[in-house]
Amino acid sequence: MKGMGATLDELRARYPGAQTYRFGDGPALSDALLALVRSGKKRATCSSVAELMAGEVPPVVGRCDIVLDFDDVPQLVTRTLELVRLRFCDMTGEMALMEGEDETLAGWRDGHERYYRRLGVFDPEMWLTWERFEVVEDLVQNRGEGH
């Protein structure tokens, strides 16, 4: 990647209290989800309560956080706008489509079931934390051509 942007320390100084997180469970999925965020299609994400209990830092409304890729390179700064706690089986079509990965609720359920099965935590009644966010800063696209 050409010309590294701000370091994690610089970003933490610029965004006090910011935590770091990644999309997905591997580099390919992470890159695909980052591209959806950059395109404006992905404006929400969700985490299982099992992931949060295993040490993932929970989102907080109003806090800015730093999204890393799987090489630990900062990619985006996001701000949490809304949090909803709900069971997997209670996900709504509107909320699922805001995640930008699927065209239907059924597609969201299928893809997320596969993801949570890979993590070993799937249960149709499992609790999720759904997060709506906005991009505050794109640490890659804002260098050079812009958007």
# chains A, B, ... in the order shown; residues from 1 in each chain; ligands from 1

$ residues_around --residues "segment 37-47 of chain A" --least-positions-apart "3" --cutoff "6 Å" --atoms "only C-alpha atoms" --output "count of residues only"
10

$ residues_around --residues "segment 61-77 of chain A" --least-positions-apart "2" --cutoff "8 Å" --atoms "only C-alpha atoms" --output "ChimeraX atom specification"
/A:5-8,11,15,17-23,26-27,30-31,59,79-83,135-140

$ write_last_selection --atoms "C-alpha atoms" --output "compact mmCIF listing (two decimals), in the first residue's frame"
# COMPACT_ATOMS: atom_id res chain seq x y z
CA GLY A 5 -1.52 7.47 6.45
CA ALA A 6 -1.84 8.47 10.05
CA THR A 7 -0.45 6.07 12.62
CA LEU A 8 -2.70 4.45 15.18
CA LEU A 11 -5.48 8.65 15.20
CA TYR A 15 -10.12 10.68 18.27
CA GLY A 17 -11.41 7.10 23.34
CA ALA A 18 -11.42 5.49 19.88
CA GLN A 19 -11.26 1.71 19.81
CA THR A 20 -10.15 -0.44 16.87
CA TYR A 21 -12.14 -3.12 15.08
CA ARG A 22 -12.21 -5.13 11.87
CA PHE A 23 -14.98 -6.20 9.55
CA GLY A 26 -10.46 -12.83 7.32
CA PRO A 27 -8.70 -10.57 4.81
CA SER A 30 -12.70 -7.61 5.43
CA ASP A 31 -11.65 -6.08 2.10
CA PRO A 59 -19.57 0.02 20.24
CA ARG A 79 -18.93 7.09 14.45
CA THR A 80 -21.64 4.93 16.01
CA LEU A 81 -25.07 6.51 15.48
CA GLU A 82 -27.44 3.84 16.84
CA LEU A 83 -27.30 0.51 18.65
CA VAL A 135 -17.87 7.31 8.05
CA VAL A 136 -16.06 10.26 9.63
CA GLU A 137 -12.81 9.84 7.74
CA ASP A 138 -11.55 7.53 4.99
CA LEU A 139 -7.87 7.19 5.77
CA VAL A 140 -7.02 5.77 2.34

$ select_by_dssp --residues "chain A" --states "alpha helix (DSSP H)" --output "PDB file with N, CA and C atoms, in the first residue's frame"
ATOM      1  N   LEU A   8      -1.675   4.728  14.181  1.00  0.00           N
ATOM      2  CA  LEU A   8      -2.700   4.449  15.182  1.00  0.00           C
ATOM      3  C   LEU A   8      -2.596   5.432  16.349  1.00  0.00           C
ATOM      4  N   ASP A   9      -1.378   5.729  16.784  1.00  0.00           N
ATOM      5  CA  ASP A   9      -1.201   6.685  17.887  1.00  0.00           C
ATOM      6  C   ASP A   9      -1.715   8.069  17.505  1.00  0.00           C
ATOM      7  N   GLU A  10      -1.424   8.496  16.277  1.00  0.00           N
ATOM      8  CA  GLU A  10      -1.909   9.810  15.818  1.00  0.00           C
ATOM      9  C   GLU A  10      -3.432   9.826  15.761  1.00  0.00           C
ATOM     10  N   LEU A  11      -4.020   8.720  15.281  1.00  0.00           N
ATOM     11  CA  LEU A  11      -5.480   8.650  15.197  1.00  0.00           C
ATOM     12  C   LEU A  11      -6.109   8.642  16.588  1.00  0.00           C
ATOM     13  N   ARG A  12      -5.503   7.927  17.521  1.00  0.00           N
ATOM     14  CA  ARG A  12      -6.040   7.901  18.891  1.00  0.00           C
ATOM     15  C   ARG A  12      -5.949   9.274  19.538  1.00  0.00           C
ATOM     16  N   ALA A  13      -4.912  10.043  19.198  1.00  0.00           N
ATOM     17  CA  ALA A  13      -4.803  11.410  19.713  1.00  0.00           C
ATOM     18  C   ALA A  13      -5.890  12.299  19.097  1.00  0.00           C
ATOM     19  N   ARG A  14      -6.171  12.076  17.820  1.00  0.00           N
ATOM     20  CA  ARG A  14      -7.181  12.868  17.106  1.00  0.00           C
ATOM     21  C   ARG A  14      -8.601  12.479  17.517  1.00  0.00           C
ATOM     22  N   PRO A  27      -9.051 -11.680   5.708  1.00  0.00           N
ATOM     23  CA  PRO A  27      -8.703 -10.573   4.814  1.00  0.00           C
ATOM     24  C   PRO A  27      -9.662 -10.366   3.643  1.00  0.00           C
ATOM     25  N   ALA A  28     -10.104 -11.437   2.993  1.00  0.00           N
ATOM     26  CA  ALA A  28     -10.973 -11.278   1.813  1.00  0.00           C
ATOM     27  C   ALA A  28     -12.320 -10.665   2.201  1.00  0.00           C
ATOM     28  N   LEU A  29     -12.944 -11.189   3.247  1.00  0.00           N
ATOM     29  CA  LEU A  29     -14.223 -10.638   3.696  1.00  0.00           C
ATOM     30  C   LEU A  29     -14.042  -9.213   4.195  1.00  0.00           C
ATOM     31  N   SER A  30     -12.980  -8.960   4.937  1.00  0.00           N
ATOM     32  CA  SER A  30     -12.701  -7.612   5.435  1.00  0.00           C
ATOM     33  C   SER A  30     -12.598  -6.621   4.274  1.00  0.00           C
ATOM     34  N   ASP A  31     -11.823  -6.970   3.250  1.00  0.00           N
ATOM     35  CA  ASP A  31     -11.648  -6.081   2.097  1.00  0.00           C
ATOM     36  C   ASP A  31     -12.973  -5.835   1.384  1.00  0.00           C
ATOM     37  N   ALA A  32     -13.778  -6.875   1.244  1.00  0.00           N
ATOM     38  CA  ALA A  32     -15.080  -6.734   0.577  1.00  0.00           C
ATOM     39  C   ALA A  32     -15.994  -5.804   1.377  1.00  0.00           C
ATOM     40  N   LEU A  33     -15.992  -5.955   2.702  1.00  0.00           N
ATOM     41  CA  LEU A  33     -16.858  -5.115   3.538  1.00  0.00           C
ATOM     42  C   LEU A  33     -16.358  -3.676   3.578  1.00  0.00           C
ATOM     43  N   LEU A  34     -15.045  -3.482   3.603  1.00  0.00           N
ATOM     44  CA  LEU A  34     -14.498  -2.120   3.530  1.00  0.00           C
ATOM     45  C   LEU A  34     -14.919  -1.439   2.229  1.00  0.00           C
ATOM     46  N   ALA A  35     -14.897  -2.183   1.131  1.00  0.00           N
ATOM     47  CA  ALA A  35     -15.316  -1.626  -0.161  1.00  0.00           C
ATOM     48  C   ALA A  35     -16.789  -1.225  -0.125  1.00  0.00           C
ATOM     49  N   LEU A  36     -17.636  -2.037   0.535  1.00  0.00           N
ATOM     50  CA  LEU A  36     -19.058  -1.687   0.655  1.00  0.00           C
ATOM     51  C   LEU A  36     -19.251  -0.429   1.488  1.00  0.00           C
ATOM     52  N   VAL A  37     -18.458  -0.270   2.540  1.00  0.00           N
ATOM     53  CA  VAL A  37     -18.543   0.951   3.347  1.00  0.00           C
ATOM     54  C   VAL A  37     -18.126   2.144   2.501  1.00  0.00           C
ATOM     55  N   ARG A  38     -17.019   2.007   1.792  1.00  0.00           N
ATOM     56  CA  ARG A  38     -16.519   3.122   0.968  1.00  0.00           C
ATOM     57  C   ARG A  38     -17.505   3.508  -0.130  1.00  0.00           C
ATOM     58  N   SER A  39     -18.251   2.540  -0.631  1.00  0.00           N
ATOM     59  CA  SER A  39     -19.225   2.824  -1.699  1.00  0.00           C
ATOM     60  C   SER A  39     -20.479   3.502  -1.145  1.00  0.00           C
ATOM     61  N   VAL A  49     -23.293 -11.306  20.672  1.00  0.00           N
ATOM     62  CA  VAL A  49     -22.942 -11.101  22.071  1.00  0.00           C
ATOM     63  C   VAL A  49     -21.780 -12.020  22.443  1.00  0.00           C
ATOM     64  N   ALA A  50     -21.709 -13.214  21.812  1.00  0.00           N
ATOM     65  CA  ALA A  50     -20.589 -14.128  22.068  1.00  0.00           C
ATOM     66  C   ALA A  50     -19.257 -13.483  21.684  1.00  0.00           C
ATOM     67  N   GLU A  51     -19.219 -12.761  20.541  1.00  0.00           N
ATOM     68  CA  GLU A  51     -17.989 -12.075  20.130  1.00  0.00           C
ATOM     69  C   GLU A  51     -17.616 -11.000  21.146  1.00  0.00           C
ATOM     70  N   LEU A  52     -18.620 -10.267  21.609  1.00  0.00           N
ATOM     71  CA  LEU A  52     -18.367  -9.200  22.578  1.00  0.00           C
ATOM     72  C   LEU A  52     -17.868  -9.782  23.900  1.00  0.00           C
ATOM     73  N   MET A  53     -18.450 -10.908  24.303  1.00  0.00           N
ATOM     74  CA  MET A  53     -18.021 -11.535  25.552  1.00  0.00           C
ATOM     75  C   MET A  53     -16.610 -12.112  25.427  1.00  0.00           C
ATOM     76  N   GLY A  93     -35.800  -6.688   7.894  1.00  0.00           N
ATOM     77  CA  GLY A  93     -35.304  -6.473   6.541  1.00  0.00           C
ATOM     78  C   GLY A  93     -34.608  -5.136   6.401  1.00  0.00           C
ATOM     79  N   GLU A  94     -35.190  -4.086   6.978  1.00  0.00           N
ATOM     80  CA  GLU A  94     -34.596  -2.751   6.879  1.00  0.00           C
ATOM     81  C   GLU A  94     -33.202  -2.721   7.505  1.00  0.00           C
ATOM     82  N   MET A  95     -33.072  -3.318   8.688  1.00  0.00           N
ATOM     83  CA  MET A  95     -31.775  -3.328   9.360  1.00  0.00           C
ATOM     84  C   MET A  95     -30.766  -4.177   8.581  1.00  0.00           C
ATOM     85  N   ALA A  96     -31.194  -5.338   8.102  1.00  0.00           N
ATOM     86  CA  ALA A  96     -30.296  -6.223   7.358  1.00  0.00           C
ATOM     87  C   ALA A  96     -29.780  -5.532   6.095  1.00  0.00           C
ATOM     88  N   LEU A  97     -30.658  -4.838   5.372  1.00  0.00           N
ATOM     89  CA  LEU A  97     -30.254  -4.195   4.122  1.00  0.00           C
ATOM     90  C   LEU A  97     -29.300  -3.036   4.367  1.00  0.00           C
ATOM     91  N   MET A  98     -29.371  -2.386   5.533  1.00  0.00           N
ATOM     92  CA  MET A  98     -28.427  -1.315   5.847  1.00  0.00           C
ATOM     93  C   MET A  98     -27.001  -1.842   5.987  1.00  0.00           C
ATOM     94  N   LEU A 105     -33.578  -9.982   3.248  1.00  0.00           N
ATOM     95  CA  LEU A 105     -33.400 -10.471   4.614  1.00  0.00           C
ATOM     96  C   LEU A 105     -32.979 -11.944   4.587  1.00  0.00           C
ATOM     97  N   ALA A 106     -33.573 -12.739   3.679  1.00  0.00           N
ATOM     98  CA  ALA A 106     -33.199 -14.156   3.585  1.00  0.00           C
ATOM     99  C   ALA A 106     -31.717 -14.295   3.235  1.00  0.00           C
ATOM    100  N   GLY A 107     -31.218 -13.463   2.337  1.00  0.00           N
ATOM    101  CA  GLY A 107     -29.802 -13.490   1.985  1.00  0.00           C
ATOM    102  C   GLY A 107     -28.928 -13.117   3.170  1.00  0.00           C
ATOM    103  N   TRP A 108     -29.355 -12.107   3.930  1.00  0.00           N
ATOM    104  CA  TRP A 108     -28.621 -11.708   5.139  1.00  0.00           C
ATOM    105  C   TRP A 108     -28.563 -12.873   6.126  1.00  0.00           C
ATOM    106  N   ARG A 109     -29.728 -13.510   6.345  1.00  0.00           N
ATOM    107  CA  ARG A 109     -29.768 -14.622   7.311  1.00  0.00           C
ATOM    108  C   ARG A 109     -28.837 -15.750   6.884  1.00  0.00           C
ATOM    109  N   ASP A 110     -28.860 -16.092   5.600  1.00  0.00           N
ATOM    110  CA  ASP A 110     -28.024 -17.176   5.090  1.00  0.00           C
ATOM    111  C   ASP A 110     -26.542 -16.853   5.281  1.00  0.00           C
ATOM    112  N   GLY A 111     -26.111 -15.681   4.850  1.00  0.00           N
ATOM    113  CA  GLY A 111     -24.708 -15.300   4.952  1.00  0.00           C
ATOM    114  C   GLY A 111     -24.241 -15.178   6.391  1.00  0.00           C
ATOM    115  N   HIS A 112     -25.076 -14.579   7.237  1.00  0.00           N
ATOM    116  CA  HIS A 112     -24.678 -14.398   8.631  1.00  0.00           C
ATOM    117  C   HIS A 112     -24.724 -15.713   9.411  1.00  0.00           C
ATOM    118  N   GLU A 113     -25.636 -16.603   9.042  1.00  0.00           N
ATOM    119  CA  GLU A 113     -25.622 -17.917   9.690  1.00  0.00           C
ATOM    120  C   GLU A 113     -24.308 -18.630   9.374  1.00  0.00           C
ATOM    121  N   ARG A 114     -23.898 -18.596   8.096  1.00  0.00           N
ATOM    122  CA  ARG A 114     -22.615 -19.225   7.720  1.00  0.00           C
ATOM    123  C   ARG A 114     -21.457 -18.592   8.492  1.00  0.00           C
ATOM    124  N   TYR A 115     -21.447 -17.271   8.595  1.00  0.00           N
ATOM    125  CA  TYR A 115     -20.389 -16.559   9.324  1.00  0.00           C
ATOM    126  C   TYR A 115     -20.353 -16.984  10.790  1.00  0.00           C
ATOM    127  N   TYR A 116     -21.509 -16.965  11.454  1.00  0.00           N
ATOM    128  CA  TYR A 116     -21.539 -17.313  12.879  1.00  0.00           C
ATOM    129  C   TYR A 116     -21.276 -18.798  13.115  1.00  0.00           C
ATOM    130  N   ARG A 117     -21.607 -19.651  12.139  1.00  0.00           N
ATOM    131  CA  ARG A 117     -21.244 -21.066  12.260  1.00  0.00           C
ATOM    132  C   ARG A 117     -19.718 -21.214  12.172  1.00  0.00           C
ATOM    133  N   ARG A 118     -19.067 -20.442  11.277  1.00  0.00           N
ATOM    134  CA  ARG A 118     -17.595 -20.484  11.209  1.00  0.00           C
ATOM    135  C   ARG A 118     -16.989 -20.096  12.561  1.00  0.00           C
ATOM    136  N   LEU A 119     -17.626 -19.148  13.248  1.00  0.00           N
ATOM    137  CA  LEU A 119     -17.133 -18.716  14.559  1.00  0.00           C
ATOM    138  C   LEU A 119     -17.529 -19.683  15.673  1.00  0.00           C
TER     139      LEU A 119
END

$ atom_distance --atom1 "atom CA of Ser48 of chain A" --atom2 "atom CA of Gly120 of chain A"
11.1 Å

$ atom_distance --atom1 "atom CA of Gln141 of chain A" --atom2 "atom CA of Asp102 of chain A"
24.2 Å

$ select_by_dssp --residues "chain A" --states "strand (DSSP E)" --output "PDB file with C-alpha atoms, in the first residue's frame"
ATOM      1  CA  THR A  20     -10.148  -0.439  16.874  1.00  0.00           C
ATOM      2  CA  TYR A  21     -12.144  -3.118  15.083  1.00  0.00           C
ATOM      3  CA  ALA A  44     -24.483  -0.828   9.578  1.00  0.00           C
ATOM      4  CA  THR A  45     -22.895  -3.938  11.035  1.00  0.00           C
ATOM      5  CA  CYS A  46     -23.591  -6.392  13.810  1.00  0.00           C
ATOM      6  CA  SER A  47     -21.698  -8.374  16.402  1.00  0.00           C
ATOM      7  CA  SER A  48     -22.827 -11.408  18.320  1.00  0.00           C
ATOM      8  CA  CYS A  64     -15.531   7.365  16.892  1.00  0.00           C
ATOM      9  CA  ASP A  65     -13.655   4.121  16.249  1.00  0.00           C
ATOM     10  CA  ILE A  66     -10.852   3.112  13.889  1.00  0.00           C
ATOM     11  CA  VAL A  67     -11.445   0.322  11.364  1.00  0.00           C
ATOM     12  CA  LEU A  68      -8.357  -1.763  10.619  1.00  0.00           C
ATOM     13  CA  PRO A  74      -6.063   1.906   9.688  1.00  0.00           C
ATOM     14  CA  GLN A  75      -8.645   2.247   6.904  1.00  0.00           C
ATOM     15  CA  LEU A  76     -11.579   4.289   8.218  1.00  0.00           C
ATOM     16  CA  VAL A  77     -12.832   6.220  11.195  1.00  0.00           C
ATOM     17  CA  THR A  78     -16.514   5.577  11.939  1.00  0.00           C
ATOM     18  CA  ARG A  79     -18.934   7.089  14.446  1.00  0.00           C
ATOM     19  CA  THR A  80     -21.643   4.932  16.012  1.00  0.00           C
ATOM     20  CA  LEU A  81     -25.069   6.508  15.484  1.00  0.00           C
ATOM     21  CA  GLU A  82     -27.438   3.844  16.840  1.00  0.00           C
ATOM     22  CA  LEU A  83     -27.297   0.511  18.646  1.00  0.00           C
ATOM     23  CA  VAL A  84     -30.056  -2.105  18.789  1.00  0.00           C
ATOM     24  CA  ARG A  85     -29.863  -5.349  20.755  1.00  0.00           C
ATOM     25  CA  LEU A  86     -31.941  -8.099  19.168  1.00  0.00           C
ATOM     26  CA  ARG A  87     -31.987 -11.823  18.513  1.00  0.00           C
ATOM     27  CA  TRP A 127     -28.292 -12.072  20.693  1.00  0.00           C
ATOM     28  CA  LEU A 128     -26.749  -9.518  18.377  1.00  0.00           C
ATOM     29  CA  THR A 129     -25.753  -5.905  18.761  1.00  0.00           C
ATOM     30  CA  TRP A 130     -26.670  -4.126  15.524  1.00  0.00           C
ATOM     31  CA  GLU A 131     -24.816  -0.876  14.913  1.00  0.00           C
ATOM     32  CA  ARG A 132     -25.626   1.944  12.496  1.00  0.00           C
ATOM     33  CA  PHE A 133     -22.592   4.106  11.776  1.00  0.00           C
ATOM     34  CA  GLU A 134     -21.303   6.913   9.600  1.00  0.00           C
ATOM     35  CA  VAL A 135     -17.865   7.312   8.052  1.00  0.00           C
ATOM     36  CA  VAL A 136     -16.057  10.256   9.634  1.00  0.00           C
ATOM     37  CA  GLU A 137     -12.811   9.839   7.741  1.00  0.00           C
ATOM     38  CA  ASP A 138     -11.547   7.534   4.991  1.00  0.00           C
TER      39      ASP A 138
END

$ atom_distance --atom1 "atom CA of Met126 of chain A" --atom2 "atom CA of Asp90 of chain A"
9.8 Å
